[in-house]
2 protein chains.
Amino acid sequence: MTEQDRDLRARLVAAGIELVTEEGVHALGLREIARRAGVSHGAPRRYFPTRRELLAAVARHGFGRLTDSLAGADALAATTGADPRTRIESLARAYLGFAAANPGMFELMFRHDLLEGSGTELRRSTLPLFLTFVGLVAEVHPQSDDPAAATAALWANLHGLAQLRTWGSLRLATGDDGLEPVLRAALDAHLGPAAR
Amino acid sequence: MTEQDRDLRARLVAAGIELVTEEGVHALGLREIARRAGVSHGAPRRYFPTRRELLAAVARHGFGRLTDSLAGADALAATTGADPRTRIESLARAYLGFAAANPGMFELMFRHDLLEGSGTELRRSTLPLFLTFVGLVAEVHPQSDDPAAATAALWANLHGLAQLRTWGSLRLATGDDGLEPVLRAALDAHLGPAAR
DNA sequence: AGGGCGAGTAGACAGTGTCTACGGCTGTCC
DNA sequence: GGACAGCCGTAGACACTGTCTACTCGCCCT
C-alpha cells in the first residue's frame, strides 16, 4: 500500500499506529496488527520477539510525535519573542492537545504493563524536552532552589489533567468539558497569576 | 475460608481484591478469580454477566477504601485542630499513600477500558469527598472566584504525581524516589508556601 | 411426596500470544 | 550454470482466555 512495501518491520509499526489511533489500545492484538499489515500471524515474530516489543515500538513512535509537537510549539512561541510564562503555557497546551488528539496513543504510551522492559528507554527519550522545560521554569521562578522539582510538579499536573479529562472526571467536577478553567487554575498556581 | 462461605458474590469480589493486590491487574482473569474462589469458571456469570462488571465491583471496593482512608486522615487532622492548609496536605499524603500502598488496585480504579459502563457511577462515588476538598481549598483561597477549578487542578496534580511515580518518571527527573520534593513543590504552588 | 427452580458444573466455541516445523525465494560460490 | 545455504514468511499446534449453552444436583414450597 504505502511506499515502503519492503521493510515489514516499519509496516507493522505503521499498522499498529493506525490501529491504536482508529480503534484504541484494545485493538492492538498481535494477530490484528499482522492482518492489517497483510501478513500471517507469525510474521511479526521475526522482528519483534514478543507482542510487548511491538507495542513498545508503536509507543516509541508516539513519544517521537509528542516531543516533535512540543518542540514545534515551543519553537513557534520562542520565535515570536514570547516570555517564558507564555512559552510554558504553549507547551502545556500542546501537551494536553496531543493527549486529546491521540487518546489511544497517549494511553498506550503510559501503559507500563504493555511496555514493561522498554519503559525506561521510553522515559529517557523525554528527558531533553523536560530539561528545556526546567530552564523555562527556572526563568519564571528565579528564586526557586529546586526548579527541577517545580517542573516535575507542573508536568505531573498536566499529566493528571490529561488523564482525568479522558476519564471524564473534569466534566463531573465542573461543567462542560471543564478543562479550560482547571488548566488556567493549574497554570496560575504553578507560574503565578497571568496578569503580571 | 472466610466467615462468608455462602454468598459467592462477595467471595468473588474478595478473591479479585486479593489477586489485584498480590499479583496486579494482569492477574484479574475471570477464570483465575473463579479458581481463587474455588468455583468453576462459569460460576461468576450468575452474579456478574461479564468480566468487566466483576472488575467494576472490585474497583468499587477500592474506591470505598480510598474514600475511607482519606476521610479518616481528614478526620484525624480536623480533631487535632489543624488549619485548612495542613488538612489539605494530610489529604494529599493520604491519596498518594493509598496509590503507593495499593498500586494494582489504584491502576484498576482508573483503567476506564476495564470498567467501561460502570465508570460514571464510580466517578460519582468520589464526589462528596471532592466537595469537602473544595471547602478546604476555599478556606485557603478565600479570594478565589472558582474554588472548584482550583481543587480540580490540585487533585489532578496529585493524580499525576501518583501516576508518574508508579511509572518511574519522578526517579528519573529528580533523584531517589523523588516524590517528596515534587509533592512539596506542588503543594506550595497550589496552596502557597508552607511558611506563613 | 413430588415438582419446580436457582446455583454451580462442564463442555464448546472463537479468539489470543507464543512456539515450532516447514516451504520458497534470494544471493553466493564452485 | 547449478547446487547450496540462509533468511523470510506461512501454517499448524498448544495452552489459555471470555462468553454461551446444556445439564445436573439439591433445596424449598405447596
# chains A, B, ... in the order shown; residues from 1 in each chain; ligands from 1
call {"tool": "interface_residues", "arguments": {"of": "chain D", "to": "chain A", "cutoff": "8 Å", "atoms": "only C-alpha atoms (C1' of nucleotides)", "output": "ChimeraX atom specification"}}
result
/D:8-10
call {"tool": "residues_around", "arguments": {"residues": "stretch 49-53 of chain A", "least_positions_apart": "3", "cutoff": "7 Å", "atoms": "only C-alpha atoms (C1' of nucleotides)", "output": "number ranges by chain"}}
result
A: 30, 45-46, 56-57, 114-115
call {"tool": "residues_around", "arguments": {"residues": "A:Asp145", "least_positions_apart": "6", "cutoff": "12 Å", "atoms": "only C-alpha atoms (C1' of nucleotides)", "output": "list in words"}}
result
Val137, Ala138 and Thr151 of chain A; Pro181 and Ala185 of chain B
call {"tool": "closest_residue", "arguments": {"among": "A:Pro128, A:Pro193, A:Gly24, A:Gly29", "to": "chain C", "atoms": "only C-alpha atoms (C1' of nucleotides)"}}
result
A:Gly29
call {"tool": "atom_distance", "arguments": {"atom1": "atom CA of A:Leu191", "atom2": "atom CA of A:Arg85"}}
result
7.0 Å
call {"tool": "residues_around", "arguments": {"residues": "stretch 14-26 of chain D", "least_positions_apart": "5", "cutoff": "9 Å", "atoms": "only C-alpha atoms (C1' of nucleotides)", "output": "PyMOL selection string"}}
result
(chain B and resi 29-31+50-51) or (chain C and resi 8-13+15-16+18-19)
call {"tool": "write_last_selection", "arguments": {"atoms": "C-alpha atoms (C1' of nucleotides)", "output": "short mmCIF file (atom, residue, chain, number, x, y, z; two decimals), in the first residue's frame"}}
result
data_model
loop_
_atom_site.label_atom_id
_atom_site.label_comp_id
_atom_site.auth_asym_id
_atom_site.auth_seq_id
_atom_site.Cartn_x
_atom_site.Cartn_y
_atom_site.Cartn_z
CA GLY B 29 -8.76 -13.07 34.70
CA LEU B 30 -12.28 -14.29 35.07
CA ARG B 31 -11.18 -17.90 35.34
CA THR B 50 -19.42 -10.11 32.16
CA ARG B 51 -15.88 -9.87 33.35
"C1'" DG C 8 -22.99 -24.27 40.12
"C1'" DT C 9 -20.65 -27.70 36.60
"C1'" DA C 10 -18.74 -28.85 32.32
"C1'" DG C 11 -18.13 -28.61 27.60
"C1'" DA C 12 -17.97 -25.99 23.25
"C1'" DC C 13 -16.56 -22.01 20.55
"C1'" DG C 15 -10.09 -15.77 19.68
"C1'" DT C 16 -5.40 -14.70 21.70
"C1'" DT C 18 3.85 -17.94 21.75
"C1'" DC C 19 6.44 -21.81 19.75
#
call {"tool": "closest_residue", "arguments": {"among": "C:DA7, C:DC22, C:DG2, C:DT28", "to": "chain B", "atoms": "only C-alpha atoms (C1' of nucleotides)"}}
result
C:DA7
call {"tool": "interface_residues", "arguments": {"of": "chain B", "to": "chain A", "cutoff": "8 Å", "atoms": "only C-alpha atoms", "output": "JSON, numbers by chain"}}
result
{"B": [110, 112, 120, 123, 124, 127, 148, 149, 150, 152, 153, 154, 156, 157, 158, 159, 160, 161, 163, 164, 167, 168, 169, 170, 172, 173, 174, 181, 182, 183, 185, 186, 189, 190, 191]}
call {"tool": "write_last_selection", "arguments": {"atoms": "C-alpha atoms", "output": "mmCIF file, in the first residue's frame"}}
result
data_model
loop_
_atom_site.group_PDB
_atom_site.id
_atom_site.type_symbol
_atom_site.label_atom_id
_atom_site.label_comp_id
_atom_site.auth_asym_id
_atom_site.auth_seq_id
_atom_site.Cartn_x
_atom_site.Cartn_y
_atom_site.Cartn_z
ATOM 1 C CA PHE B 110 -8.548 4.292 36.702
ATOM 2 C CA HIS B 112 -11.536 3.030 32.099
ATOM 3 C CA THR B 120 -19.616 7.209 35.679
ATOM 4 C CA ARG B 123 -16.582 8.641 39.432
ATOM 5 C CA ARG B 124 -19.707 9.872 41.116
ATOM 6 C CA LEU B 127 -17.899 13.397 44.606
ATOM 7 C CA ALA B 148 -13.886 24.056 42.334
ATOM 8 C CA ALA B 149 -11.485 24.603 39.454
ATOM 9 C CA ALA B 150 -8.617 25.193 41.860
ATOM 10 C CA ALA B 152 -9.724 20.014 40.475
ATOM 11 C CA ALA B 153 -6.322 21.356 39.477
ATOM 12 C CA LEU B 154 -4.843 20.282 42.770
ATOM 13 C CA ALA B 156 -5.151 16.428 39.025
ATOM 14 C CA ASN B 157 -1.709 17.288 40.297
ATOM 15 C CA LEU B 158 -1.886 14.613 42.965
ATOM 16 C CA HIS B 159 -3.217 12.108 40.484
ATOM 17 C CA GLY B 160 -0.455 12.878 38.029
ATOM 18 C CA LEU B 161 2.117 12.508 40.778
ATOM 19 C CA GLN B 163 0.751 8.067 38.050
ATOM 20 C CA LEU B 164 4.222 9.295 37.223
ATOM 21 C CA TRP B 167 5.707 4.939 36.014
ATOM 22 C CA GLY B 168 9.150 5.753 37.374
ATOM 23 C CA SER B 169 9.476 9.173 35.812
ATOM 24 C CA LEU B 170 9.989 11.019 39.051
ATOM 25 C CA LEU B 172 14.416 9.954 36.524
ATOM 26 C CA ALA B 173 13.596 13.640 36.728
ATOM 27 C CA THR B 174 14.984 14.021 40.223
ATOM 28 C CA PRO B 181 10.397 17.427 46.843
ATOM 29 C CA VAL B 182 7.953 17.302 43.952
ATOM 30 C CA LEU B 183 4.983 16.901 46.257
ATOM 31 C CA ALA B 185 6.593 21.918 45.175
ATOM 32 C CA ALA B 186 3.075 21.013 44.087
ATOM 33 C CA ALA B 189 2.264 26.015 44.149
ATOM 34 C CA HIS B 190 -1.387 25.320 44.859
ATOM 35 C CA LEU B 191 -1.593 26.454 48.468
#
call {"tool": "atom_distance", "arguments": {"atom1": "atom C1' of C:DA14", "atom2": "atom CA of B:Ser118"}}
result
26.5 Å
call {"tool": "atom_distance", "arguments": {"atom1": "atom CA of B:Val13", "atom2": "atom CA of B:Thr132"}}
result
29.2 Å
call {"tool": "residues_around", "arguments": {"residues": "C:DG27", "least_positions_apart": "3", "cutoff": "12 Å", "atoms": "only C-alpha atoms (C1' of nucleotides)", "output": "NGL selection string"}}
result
:D and (4-7)
call {"tool": "decode", "arguments": {"residues": "stretch 15-27 of chain C", "atoms": "N, CA and C atoms (P, O5', C5', C4', C3', O3' and C1' of nucleotides)", "output": "PDB file, in the first residue's frame"}}
result
ATOM      1  P    DG C  15     -13.555 -15.430  15.565  1.00  0.00           P
ATOM      2  O5'  DG C  15     -12.267 -15.010  16.420  1.00  0.00           O
ATOM      3  C5'  DG C  15     -12.399 -14.086  17.468  1.00  0.00           C
ATOM      4  C4'  DG C  15     -11.291 -14.247  18.469  1.00  0.00           C
ATOM      5  C3'  DG C  15      -9.855 -14.159  17.935  1.00  0.00           C
ATOM      6  O3'  DG C  15      -9.386 -12.820  18.034  1.00  0.00           O
ATOM      7  C1'  DG C  15     -10.095 -15.766  19.681  1.00  0.00           C
ATOM      8  P    DT C  16      -7.936 -12.466  17.487  1.00  0.00           P
ATOM      9  O5'  DT C  16      -6.949 -12.772  18.703  1.00  0.00           O
ATOM     10  C5'  DT C  16      -7.096 -12.059  19.927  1.00  0.00           C
ATOM     11  C4'  DT C  16      -6.158 -12.639  20.964  1.00  0.00           C
ATOM     12  C3'  DT C  16      -4.710 -12.708  20.535  1.00  0.00           C
ATOM     13  O3'  DT C  16      -4.051 -11.511  20.906  1.00  0.00           O
ATOM     14  C1'  DT C  16      -5.401 -14.698  21.701  1.00  0.00           C
ATOM     15  P    DG C  17      -2.594 -11.255  20.384  1.00  0.00           P
ATOM     16  O5'  DG C  17      -1.676 -12.234  21.251  1.00  0.00           O
ATOM     17  C5'  DG C  17      -1.424 -11.930  22.605  1.00  0.00           C
ATOM     18  C4'  DG C  17      -0.367 -12.865  23.163  1.00  0.00           C
ATOM     19  C3'  DG C  17       0.997 -12.799  22.481  1.00  0.00           C
ATOM     20  O3'  DG C  17       2.022 -12.976  23.445  1.00  0.00           O
ATOM     21  C1'  DG C  17       0.115 -14.969  22.209  1.00  0.00           C
ATOM     22  P    DT C  18       3.535 -12.764  23.029  1.00  0.00           P
ATOM     23  O5'  DT C  18       4.046 -14.262  22.841  1.00  0.00           O
ATOM     24  C5'  DT C  18       4.094 -15.129  23.965  1.00  0.00           C
ATOM     25  C4'  DT C  18       4.342 -16.564  23.510  1.00  0.00           C
ATOM     26  C3'  DT C  18       5.666 -16.788  22.766  1.00  0.00           C
ATOM     27  O3'  DT C  18       6.490 -17.644  23.527  1.00  0.00           O
ATOM     28  C1'  DT C  18       3.847 -17.939  21.746  1.00  0.00           C
ATOM     29  P    DC C  19       7.994 -17.897  23.045  1.00  0.00           P
ATOM     30  O5'  DC C  19       7.897 -19.310  22.288  1.00  0.00           O
ATOM     31  C5'  DC C  19       7.191 -20.373  22.912  1.00  0.00           C
ATOM     32  C4'  DC C  19       7.099 -21.559  21.957  1.00  0.00           C
ATOM     33  C3'  DC C  19       8.372 -21.828  21.130  1.00  0.00           C
ATOM     34  O3'  DC C  19       8.804 -23.160  21.347  1.00  0.00           O
ATOM     35  C1'  DC C  19       6.439 -21.807  19.752  1.00  0.00           C
ATOM     36  P    DT C  20      10.176 -23.683  20.700  1.00  0.00           P
ATOM     37  O5'  DT C  20       9.681 -24.429  19.380  1.00  0.00           O
ATOM     38  C5'  DT C  20       8.577 -25.315  19.469  1.00  0.00           C
ATOM     39  C4'  DT C  20       8.318 -25.968  18.126  1.00  0.00           C
ATOM     40  C3'  DT C  20       9.547 -26.226  17.266  1.00  0.00           C
ATOM     41  O3'  DT C  20       9.454 -27.516  16.695  1.00  0.00           O
ATOM     42  C1'  DT C  20       7.997 -24.961  16.037  1.00  0.00           C
ATOM     43  P    DA C  21      10.729 -28.185  15.990  1.00  0.00           P
ATOM     44  O5'  DA C  21      10.148 -28.657  14.581  1.00  0.00           O
ATOM     45  C5'  DA C  21       8.867 -29.270  14.521  1.00  0.00           C
ATOM     46  C4'  DA C  21       8.256 -29.080  13.144  1.00  0.00           C
ATOM     47  C3'  DA C  21       9.213 -29.404  11.989  1.00  0.00           C
ATOM     48  O3'  DA C  21       8.558 -30.246  11.055  1.00  0.00           O
ATOM     49  C1'  DA C  21       8.297 -27.246  11.719  1.00  0.00           C
ATOM     50  P    DC C  22       9.350 -30.868   9.813  1.00  0.00           P
ATOM     51  O5'  DC C  22       8.934 -29.889   8.620  1.00  0.00           O
ATOM     52  C5'  DC C  22       7.553 -29.682   8.365  1.00  0.00           C
ATOM     53  C4'  DC C  22       7.378 -28.485   7.446  1.00  0.00           C
ATOM     54  C3'  DC C  22       8.189 -28.520   6.139  1.00  0.00           C
ATOM     55  O3'  DC C  22       7.308 -28.840   5.075  1.00  0.00           O
ATOM     56  C1'  DC C  22       8.099 -26.344   7.126  1.00  0.00           C
ATOM     57  P    DG C  23       7.889 -28.871   3.555  1.00  0.00           P
ATOM     58  O5'  DG C  23       7.640 -27.391   3.022  1.00  0.00           O
ATOM     59  C5'  DG C  23       6.832 -27.182   1.882  1.00  0.00           C
ATOM     60  C4'  DG C  23       6.802 -25.708   1.542  1.00  0.00           C
ATOM     61  C3'  DG C  23       7.608 -25.362   0.288  1.00  0.00           C
ATOM     62  O3'  DG C  23       6.890 -24.412  -0.469  1.00  0.00           O
ATOM     63  C1'  DG C  23       8.422 -24.119   2.131  1.00  0.00           C
ATOM     64  P    DG C  24       7.122 -24.513  -2.070  1.00  0.00           P
ATOM     65  O5'  DG C  24       6.964 -23.001  -2.524  1.00  0.00           O
ATOM     66  C5'  DG C  24       6.814 -21.993  -1.535  1.00  0.00           C
ATOM     67  C4'  DG C  24       7.889 -20.928  -1.661  1.00  0.00           C
ATOM     68  C3'  DG C  24       8.718 -20.944  -2.954  1.00  0.00           C
ATOM     69  O3'  DG C  24       8.837 -19.608  -3.405  1.00  0.00           O
ATOM     70  C1'  DG C  24      10.158 -20.906  -1.125  1.00  0.00           C
ATOM     71  P    DC C  25       9.045 -19.309  -5.013  1.00  0.00           P
ATOM     72  O5'  DC C  25       9.774 -17.907  -5.038  1.00  0.00           O
ATOM     73  C5'  DC C  25       9.615 -17.000  -3.939  1.00  0.00           C
ATOM     74  C4'  DC C  25      10.959 -16.505  -3.449  1.00  0.00           C
ATOM     75  C3'  DC C  25      11.990 -16.245  -4.544  1.00  0.00           C
ATOM     76  O3'  DC C  25      12.113 -14.846  -4.763  1.00  0.00           O
ATOM     77  C1'  DC C  25      12.961 -17.317  -2.615  1.00  0.00           C
ATOM     78  P    DT C  26      13.076 -14.301  -5.944  1.00  0.00           P
ATOM     79  O5'  DT C  26      14.442 -14.003  -5.176  1.00  0.00           O
ATOM     80  C5'  DT C  26      14.429 -13.151  -4.025  1.00  0.00           C
ATOM     81  C4'  DT C  26      15.722 -13.313  -3.227  1.00  0.00           C
ATOM     82  C3'  DT C  26      16.986 -13.103  -4.044  1.00  0.00           C
ATOM     83  O3'  DT C  26      17.453 -11.780  -3.861  1.00  0.00           O
ATOM     84  C1'  DT C  26      17.162 -14.993  -2.553  1.00  0.00           C
ATOM     85  P    DG C  27      18.528 -11.163  -4.897  1.00  0.00           P
ATOM     86  O5'  DG C  27      19.932 -11.677  -4.326  1.00  0.00           O
ATOM     87  C5'  DG C  27      20.285 -11.424  -2.975  1.00  0.00           C
ATOM     88  C4'  DG C  27      21.487 -12.257  -2.576  1.00  0.00           C
ATOM     89  C3'  DG C  27      22.691 -12.091  -3.509  1.00  0.00           C
ATOM     90  O3'  DG C  27      23.875 -11.895  -2.756  1.00  0.00           O
ATOM     91  C1'  DG C  27      22.117 -14.395  -3.321  1.00  0.00           C
TER      92       DG C  27
END
